[in-house]
Amino acid sequence: MSVDFREDGAAALEWAARYLERLPELPVLAQVKPGDLSAQLPAAAPEQPESFGDVLRDMDELLLPAFTNWQSPRFFSYFAVTSSEPAILAEMLAAALNQVAIVWRASPASTELELRVADWVRQLLGLPDGWHGHIEDTASTSTLAALIAARHVTGRNAVVCSEHAHSSVEKNARMLGMELRKAPVDEELRMRVDGHDLSDAACVVATVGTTSFASVDPVRELAERAHAAGAWLHVDAAYAGSSWICEEERWSADGVELADSLVVNPHKWLLVPTDCSLIWTARPDEWREAFSLVPEYLRTPDDAYALSEYGPALGRRFRSLKLWAVLRCYGAEGLRAIVREHIRLAGHFADWVGETPGWELVAPQRFSLVVFRREGSDGENEQLLERVNASGEIFINHTKLDGRYVLRLAVGNARTTEDDVRRAWDVLNREATR
Ligand SMILES: Cc1ncc(COP(=O)(O)O)c(C=O)c1O
């Protein structure tokens, strides 16, 4: 092995620091074609050790052009995210420690810190006392776990969600062999409460902040109907749930206190890099029953708490460390300020769209997402999207509303300033009138 840990470590940190500084100059969307990178990568691993300097050199020369720069302040696609400095450092330490928290004694620190930070965030978001929270890799896995728990508790096999629910609900139902029923939405793209039979539903999934439009399902009514029918209510607030750290955004948490489970992704809007998904349940004992399977070789005399009894994975990495670092180094006030700023910036963009002829807001601005389109055909909007993304100056994406092609701009990177949002608007106007 050819690494000088201190010297190469310093070089890697320097690489990361320089990368973060250079972000404003780098194209946001990778400007390469499929296969460009593969053509340059050796077909087989080296027989002889190479230096870490070689690795860093190839990061610059080979990989850098093929990065879509999620850390760019002008990344406005999907849900824009941030990997903040405290979290980056904590990830390095987590890798150094390599805690694998299969049972309590395998990592008391990872087990207990995870429970504590999940509880810190629970309090910060204004969620009920007594909920049990832990960390899964992604919201997809968190929702998978919720469906498993719901099926275990109810003995039923149907899942009901909105037609705008995230695709992970459908994928999870398919993987579990559960029947999925998609409910229609009202004019504000909220799941309709009436008109679906819940008598055989294991789980109703309500979404706060849908992926396409950030619409908010009527959680209270859905929870009441689900519970009256004996079903589990899971809330997917993977993106928007982080906004509840600000009191003024808690309108969208109405009824969430009635949920049986809730997922919020700190890796979306709480400055933590992928992967980090918080899943809470109001029914921890039944939840645990659904997952607990302790083989002989994992039994311990202390019989202490094991997070692996709360989800699909046995080996669990030390994800709480980066969340802990972020919560401590920003403080709740620091995080609130960033979430508020993103919502304010999205508000500016929505205003510009709304007041400029030739542009149309296609859904109300919710949280930090604006959904809009340029007048003209779907094809013209699609070409516009391709042109703005090809410019490398910004990266946005699209979705469809009632079959119409529409554009999405999501603010969510901690480095994004008003100038960046203004630049996005300028690029869109420039390309639209070209
Ligand atoms: C509402 C919602 N739920 C779930 C997910 C899936 O998240 P993950 O990538 O953590 O599985 C997303 C991703 O954007 C989302 O927007």
# chains A, B, ... in the order shown; residues from 1 in each chain; ligands from 1
>>> residues_around(residues="Arg250 (chain A)", least_positions_apart="5", cutoff="10 Å", atoms="only C-alpha atoms", output="list in words")
Leu125, Gly126, Gly241, Ser243, Trp244, Ile245 and Val256 of chain A
>>> residues_around(residues="Arg423 (chain A)", least_positions_apart="6", cutoff="9 Å", atoms="only C-alpha atoms", output="ChimeraX atom specification")
/A:74,393-394
>>> residues_near_ligand(ligand="ligand 1", cutoff="7 Å", atoms="only C-alpha atoms and all ligand atoms", output="ChimeraX atom specification")
/A:78-79,138-141,165-166,168,207,209-211,236-239,265,277
>>> select_by_dssp(residues="region 143-371 of chain A", states="alpha helix (DSSP H)", output="mmCIF file with N, CA and C atoms, in the first residue's frame")
data_model
loop_
_atom_site.group_PDB
_atom_site.id
_atom_site.type_symbol
_atom_site.label_atom_id
_atom_site.label_comp_id
_atom_site.auth_asym_id
_atom_site.auth_seq_id
_atom_site.Cartn_x
_atom_site.Cartn_y
_atom_site.Cartn_z
ATOM 1 N N THR A 143 -39.191 4.178 3.526
ATOM 2 C CA THR A 143 -40.580 3.868 3.169
ATOM 3 C C THR A 143 -40.768 2.364 2.994
ATOM 4 N N LEU A 144 -39.749 1.693 2.490
ATOM 5 C CA LEU A 144 -39.811 0.223 2.417
ATOM 6 C C LEU A 144 -40.062 -0.344 3.818
ATOM 7 N N ALA A 145 -39.300 0.168 4.784
ATOM 8 C CA ALA A 145 -39.449 -0.316 6.158
ATOM 9 C C ALA A 145 -40.853 -0.010 6.685
ATOM 10 N N ALA A 146 -41.357 1.171 6.355
ATOM 11 C CA ALA A 146 -42.696 1.545 6.837
ATOM 12 C C ALA A 146 -43.752 0.598 6.258
ATOM 13 N N LEU A 147 -43.614 0.245 4.986
ATOM 14 C CA LEU A 147 -44.602 -0.671 4.384
ATOM 15 C C LEU A 147 -44.509 -2.051 5.025
ATOM 16 N N ILE A 148 -43.286 -2.457 5.324
ATOM 17 C CA ILE A 148 -43.107 -3.768 5.987
ATOM 18 C C ILE A 148 -43.784 -3.745 7.363
ATOM 19 N N ALA A 149 -43.555 -2.651 8.101
ATOM 20 C CA ALA A 149 -44.176 -2.544 9.427
ATOM 21 C C ALA A 149 -45.703 -2.518 9.302
ATOM 22 N N ALA A 150 -46.182 -1.758 8.327
ATOM 23 C CA ALA A 150 -47.643 -1.634 8.152
ATOM 24 C C ALA A 150 -48.259 -2.995 7.835
ATOM 25 N N ARG A 151 -47.608 -3.738 6.965
ATOM 26 C CA ARG A 151 -48.141 -5.054 6.607
ATOM 27 C C ARG A 151 -48.097 -5.994 7.806
ATOM 28 N N HIS A 152 -47.019 -5.906 8.559
ATOM 29 C CA HIS A 152 -46.881 -6.760 9.745
ATOM 30 C C HIS A 152 -48.005 -6.466 10.750
ATOM 31 N N VAL A 153 -48.262 -5.185 10.968
ATOM 32 C CA VAL A 153 -49.232 -4.800 11.997
ATOM 33 C C VAL A 153 -50.670 -5.078 11.548
ATOM 34 N N THR A 154 -50.960 -4.799 10.278
ATOM 35 C CA THR A 154 -52.358 -4.902 9.832
ATOM 36 C C THR A 154 -52.696 -6.267 9.260
ATOM 37 N N SER A 167 -41.903 7.725 -6.662
ATOM 38 C CA SER A 167 -41.874 6.401 -7.294
ATOM 39 C C SER A 167 -41.407 5.304 -6.336
ATOM 40 N N SER A 168 -40.723 5.696 -5.245
ATOM 41 C CA SER A 168 -40.250 4.673 -4.302
ATOM 42 C C SER A 168 -41.424 3.936 -3.659
ATOM 43 N N VAL A 169 -42.576 4.591 -3.536
ATOM 44 C CA VAL A 169 -43.730 3.910 -2.931
ATOM 45 C C VAL A 169 -44.159 2.756 -3.844
ATOM 46 N N GLU A 170 -44.251 3.081 -5.131
ATOM 47 C CA GLU A 170 -44.659 2.050 -6.096
ATOM 48 C C GLU A 170 -43.600 0.942 -6.181
ATOM 49 N N LYS A 171 -42.350 1.351 -6.215
ATOM 50 C CA LYS A 171 -41.277 0.355 -6.338
ATOM 51 C C LYS A 171 -41.253 -0.567 -5.116
ATOM 52 N N ASN A 172 -41.418 0.055 -3.940
ATOM 53 C CA ASN A 172 -41.422 -0.751 -2.713
ATOM 54 C C ASN A 172 -42.601 -1.711 -2.697
ATOM 55 N N ALA A 173 -43.783 -1.213 -3.080
ATOM 56 C CA ALA A 173 -44.962 -2.082 -3.096
ATOM 57 C C ALA A 173 -44.706 -3.247 -4.042
ATOM 58 N N ARG A 174 -44.108 -2.943 -5.191
ATOM 59 C CA ARG A 174 -43.829 -4.008 -6.164
ATOM 60 C C ARG A 174 -42.847 -5.011 -5.585
ATOM 61 N N MET A 175 -41.785 -4.519 -4.943
ATOM 62 C CA MET A 175 -40.787 -5.441 -4.379
ATOM 63 C C MET A 175 -41.393 -6.327 -3.298
ATOM 64 N N LEU A 176 -42.375 -5.761 -2.572
ATOM 65 C CA LEU A 176 -42.977 -6.504 -1.465
ATOM 66 C C LEU A 176 -44.164 -7.355 -1.916
ATOM 67 N N VAL A 219 -52.783 15.602 5.434
ATOM 68 C CA VAL A 219 -52.327 14.503 6.299
ATOM 69 C C VAL A 219 -53.358 14.195 7.389
ATOM 70 N N ARG A 220 -53.905 15.256 7.995
ATOM 71 C CA ARG A 220 -54.833 15.013 9.109
ATOM 72 C C ARG A 220 -56.017 14.150 8.653
ATOM 73 N N GLU A 221 -56.644 14.579 7.568
ATOM 74 C CA GLU A 221 -57.814 13.838 7.090
ATOM 75 C C GLU A 221 -57.432 12.419 6.663
ATOM 76 N N LEU A 222 -56.306 12.312 6.008
ATOM 77 C CA LEU A 222 -55.871 10.976 5.571
ATOM 78 C C LEU A 222 -55.575 10.083 6.771
ATOM 79 N N ALA A 223 -54.962 10.661 7.792
ATOM 80 C CA ALA A 223 -54.642 9.877 8.990
ATOM 81 C C ALA A 223 -55.939 9.409 9.663
ATOM 82 N N GLU A 224 -56.890 10.331 9.753
ATOM 83 C CA GLU A 224 -58.141 9.957 10.415
ATOM 84 C C GLU A 224 -58.850 8.844 9.645
ATOM 85 N N ARG A 225 -58.877 8.987 8.318
ATOM 86 C CA ARG A 225 -59.545 7.951 7.511
ATOM 87 C C ARG A 225 -58.774 6.627 7.575
ATOM 88 N N ALA A 226 -57.455 6.734 7.496
ATOM 89 C CA ALA A 226 -56.651 5.503 7.534
ATOM 90 C C ALA A 226 -56.886 4.770 8.856
ATOM 91 N N HIS A 227 -56.829 5.530 9.938
ATOM 92 C CA HIS A 227 -56.973 4.878 11.247
ATOM 93 C C HIS A 227 -58.377 4.322 11.449
ATOM 94 N N ALA A 228 -59.375 5.057 10.967
ATOM 95 C CA ALA A 228 -60.751 4.543 11.095
ATOM 96 C C ALA A 228 -60.883 3.216 10.354
ATOM 97 N N PRO A 266 -32.406 14.275 6.015
ATOM 98 C CA PRO A 266 -31.400 15.331 6.216
ATOM 99 C C PRO A 266 -30.465 15.467 5.009
ATOM 100 N N HIS A 267 -30.362 14.405 4.186
ATOM 101 C CA HIS A 267 -29.483 14.524 3.016
ATOM 102 C C HIS A 267 -30.153 15.309 1.886
ATOM 103 N N LYS A 268 -31.383 15.747 2.112
ATOM 104 C CA LYS A 268 -31.959 16.645 1.123
ATOM 105 C C LYS A 268 -31.766 18.108 1.525
ATOM 106 N N TRP A 269 -32.202 18.464 2.736
ATOM 107 C CA TRP A 269 -32.251 19.906 3.011
ATOM 108 C C TRP A 269 -31.605 20.286 4.346
ATOM 109 N N PRO A 284 -43.092 2.054 18.178
ATOM 110 C CA PRO A 284 -41.783 1.385 18.112
ATOM 111 C C PRO A 284 -41.819 -0.100 18.429
ATOM 112 N N ASP A 285 -42.708 -0.519 19.329
ATOM 113 C CA ASP A 285 -42.688 -1.940 19.692
ATOM 114 C C ASP A 285 -43.147 -2.814 18.530
ATOM 115 N N GLU A 286 -44.240 -2.367 17.890
ATOM 116 C CA GLU A 286 -44.741 -3.159 16.756
ATOM 117 C C GLU A 286 -43.773 -3.075 15.581
ATOM 118 N N TRP A 287 -43.191 -1.893 15.410
ATOM 119 C CA TRP A 287 -42.193 -1.717 14.340
ATOM 120 C C TRP A 287 -41.053 -2.718 14.528
ATOM 121 N N ARG A 288 -40.563 -2.792 15.761
ATOM 122 C CA ARG A 288 -39.439 -3.683 16.051
ATOM 123 C C ARG A 288 -39.815 -5.136 15.783
ATOM 124 N N GLU A 289 -41.027 -5.512 16.174
ATOM 125 C CA GLU A 289 -41.477 -6.890 15.933
ATOM 126 C C GLU A 289 -41.342 -7.269 14.462
ATOM 127 N N ALA A 290 -41.600 -6.271 13.593
ATOM 128 C CA ALA A 290 -41.572 -6.553 12.153
ATOM 129 C C ALA A 290 -40.160 -6.886 11.666
ATOM 130 N N PHE A 291 -39.145 -6.395 12.390
ATOM 131 C CA PHE A 291 -37.775 -6.530 11.882
ATOM 132 C C PHE A 291 -36.861 -7.392 12.741
ATOM 133 N N SER A 320 -24.869 8.898 11.858
ATOM 134 C CA SER A 320 -25.269 9.955 12.799
ATOM 135 C C SER A 320 -24.148 10.967 13.020
ATOM 136 N N LEU A 321 -22.896 10.552 12.752
ATOM 137 C CA LEU A 321 -21.783 11.451 13.064
ATOM 138 C C LEU A 321 -21.866 12.735 12.247
ATOM 139 N N LYS A 322 -22.186 12.605 10.951
ATOM 140 C CA LYS A 322 -22.229 13.813 10.105
ATOM 141 C C LYS A 322 -23.427 14.683 10.471
ATOM 142 N N LEU A 323 -24.530 14.043 10.847
ATOM 143 C CA LEU A 323 -25.696 14.834 11.235
ATOM 144 C C LEU A 323 -25.419 15.564 12.553
ATOM 145 N N TRP A 324 -24.771 14.881 13.451
ATOM 146 C CA TRP A 324 -24.384 15.478 14.742
ATOM 147 C C TRP A 324 -23.477 16.681 14.503
ATOM 148 N N ALA A 325 -22.488 16.487 13.609
ATOM 149 C CA ALA A 325 -21.540 17.579 13.327
ATOM 150 C C ALA A 325 -22.271 18.785 12.742
ATOM 151 N N VAL A 326 -23.201 18.535 11.836
ATOM 152 C CA VAL A 326 -23.938 19.647 11.214
ATOM 153 C C VAL A 326 -24.798 20.362 12.257
ATOM 154 N N LEU A 327 -25.517 19.582 13.053
ATOM 155 C CA LEU A 327 -26.401 20.199 14.052
ATOM 156 C C LEU A 327 -25.598 21.057 15.018
ATOM 157 N N ARG A 328 -24.399 20.591 15.352
ATOM 158 C CA ARG A 328 -23.584 21.342 16.309
ATOM 159 C C ARG A 328 -22.900 22.542 15.662
ATOM 160 N N CYS A 329 -22.391 22.366 14.454
ATOM 161 C CA CYS A 329 -21.587 23.444 13.855
ATOM 162 C C CYS A 329 -22.443 24.547 13.236
ATOM 163 N N TYR A 330 -23.688 24.244 12.863
ATOM 164 C CA TYR A 330 -24.585 25.307 12.392
ATOM 165 C C TYR A 330 -25.478 25.819 13.517
ATOM 166 N N GLY A 331 -25.853 24.912 14.408
ATOM 167 C CA GLY A 331 -26.872 25.257 15.388
ATOM 168 C C GLY A 331 -28.222 25.359 14.676
ATOM 169 N N ALA A 332 -29.279 25.179 15.444
ATOM 170 C CA ALA A 332 -30.617 25.222 14.823
ATOM 171 C C ALA A 332 -30.844 26.554 14.124
ATOM 172 N N GLU A 333 -30.325 27.638 14.717
ATOM 173 C CA GLU A 333 -30.546 28.956 14.108
ATOM 174 C C GLU A 333 -29.877 29.049 12.743
ATOM 175 N N GLY A 334 -28.674 28.501 12.645
ATOM 176 C CA GLY A 334 -27.966 28.529 11.365
ATOM 177 C C GLY A 334 -28.730 27.763 10.294
ATOM 178 N N LEU A 335 -29.286 26.622 10.677
ATOM 179 C CA LEU A 335 -30.042 25.819 9.705
ATOM 180 C C LEU A 335 -31.333 26.520 9.301
ATOM 181 N N ARG A 336 -31.987 27.115 10.298
ATOM 182 C CA ARG A 336 -33.227 27.853 9.975
ATOM 183 C C ARG A 336 -32.949 28.968 8.976
ATOM 184 N N ALA A 337 -31.843 29.672 9.189
ATOM 185 C CA ALA A 337 -31.531 30.810 8.315
ATOM 186 C C ALA A 337 -31.360 30.324 6.868
ATOM 187 N N ILE A 338 -30.741 29.165 6.693
ATOM 188 C CA ILE A 338 -30.506 28.660 5.327
ATOM 189 C C ILE A 338 -31.825 28.229 4.677
ATOM 190 N N VAL A 339 -32.642 27.497 5.422
ATOM 191 C CA VAL A 339 -33.932 27.058 4.870
ATOM 192 C C VAL A 339 -34.788 28.278 4.496
ATOM 193 N N ARG A 340 -34.802 29.273 5.373
ATOM 194 C CA ARG A 340 -35.579 30.493 5.092
ATOM 195 C C ARG A 340 -35.058 31.193 3.843
ATOM 196 N N GLU A 341 -33.753 31.270 3.719
ATOM 197 C CA GLU A 341 -33.155 31.941 2.565
ATOM 198 C C GLU A 341 -33.540 31.215 1.274
ATOM 199 N N HIS A 342 -33.527 29.899 1.300
ATOM 200 C CA HIS A 342 -33.887 29.150 0.091
ATOM 201 C C HIS A 342 -35.337 29.419 -0.302
ATOM 202 N N ILE A 343 -36.196 29.472 0.685
ATOM 203 C CA ILE A 343 -37.613 29.717 0.373
ATOM 204 C C ILE A 343 -37.775 31.143 -0.165
ATOM 205 N N ARG A 344 -37.009 32.071 0.419
ATOM 206 C CA ARG A 344 -37.070 33.470 -0.050
ATOM 207 C C ARG A 344 -36.568 33.564 -1.501
ATOM 208 N N LEU A 345 -35.469 32.894 -1.802
ATOM 209 C CA LEU A 345 -34.909 32.963 -3.161
ATOM 210 C C LEU A 345 -35.869 32.340 -4.175
ATOM 211 N N ALA A 346 -36.471 31.203 -3.791
ATOM 212 C CA ALA A 346 -37.451 30.586 -4.692
ATOM 213 C C ALA A 346 -38.628 31.547 -4.907
ATOM 214 N N GLY A 347 -38.979 32.285 -3.855
ATOM 215 C CA GLY A 347 -40.061 33.262 -3.968
ATOM 216 C C GLY A 347 -39.733 34.347 -4.993
ATOM 217 N N HIS A 348 -38.492 34.809 -4.994
ATOM 218 C CA HIS A 348 -38.077 35.795 -6.001
ATOM 219 C C HIS A 348 -38.265 35.240 -7.402
ATOM 220 N N PHE A 349 -37.774 34.018 -7.566
ATOM 221 C CA PHE A 349 -37.840 33.419 -8.899
ATOM 222 C C PHE A 349 -39.304 33.275 -9.338
ATOM 223 N N ALA A 350 -40.140 32.823 -8.408
ATOM 224 C CA ALA A 350 -41.569 32.664 -8.737
ATOM 225 C C ALA A 350 -42.173 34.015 -9.119
ATOM 226 N N ASP A 351 -41.770 35.077 -8.416
ATOM 227 C CA ASP A 351 -42.283 36.419 -8.751
ATOM 228 C C ASP A 351 -41.868 36.815 -10.159
ATOM 229 N N TRP A 352 -40.592 36.588 -10.491
ATOM 230 C CA TRP A 352 -40.123 36.967 -11.836
ATOM 231 C C TRP A 352 -40.916 36.218 -12.897
ATOM 232 N N VAL A 353 -41.128 34.920 -12.671
ATOM 233 C CA VAL A 353 -41.891 34.130 -13.648
ATOM 234 C C VAL A 353 -43.305 34.697 -13.765
ATOM 235 N N GLY A 354 -43.902 34.947 -12.583
ATOM 236 C CA GLY A 354 -45.304 35.377 -12.567
ATOM 237 C C GLY A 354 -45.528 36.722 -13.234
ATOM 238 N N GLU A 355 -44.527 37.602 -13.145
ATOM 239 C CA GLU A 355 -44.775 38.957 -13.654
ATOM 240 C C GLU A 355 -44.198 39.172 -15.059
#
>>> closest_residue(among="A:Leu180, A:Ala45, A:Val159, A:Val388", to="Leu233 (chain A)", atoms="only C-alpha atoms")
A:Val159
>>> atom_distance(atom1="CA of Val185 (chain A)", atom2="CA of Cys276 (chain A)")
29.6 Å
>>> closest_residue(among="A:Ala66, A:Leu384, A:Leu270, A:Leu89", to="Leu26 (chain A)", atoms="only C-alpha atoms")
A:Ala66
>>> closest_residue(among="A:Ser72, A:Ser2, A:Ser83, A:Ser261", to="Pro128 (chain A)", atoms="only C-alpha atoms")
A:Ser261
>>> select_by_dssp(residues="region 288-385 of chain A", states="strand (DSSP E or B)", output="JSON, numbers by chain")
{"A": [359, 360, 361, 366, 369, 370, 371, 372, 373, 374]}
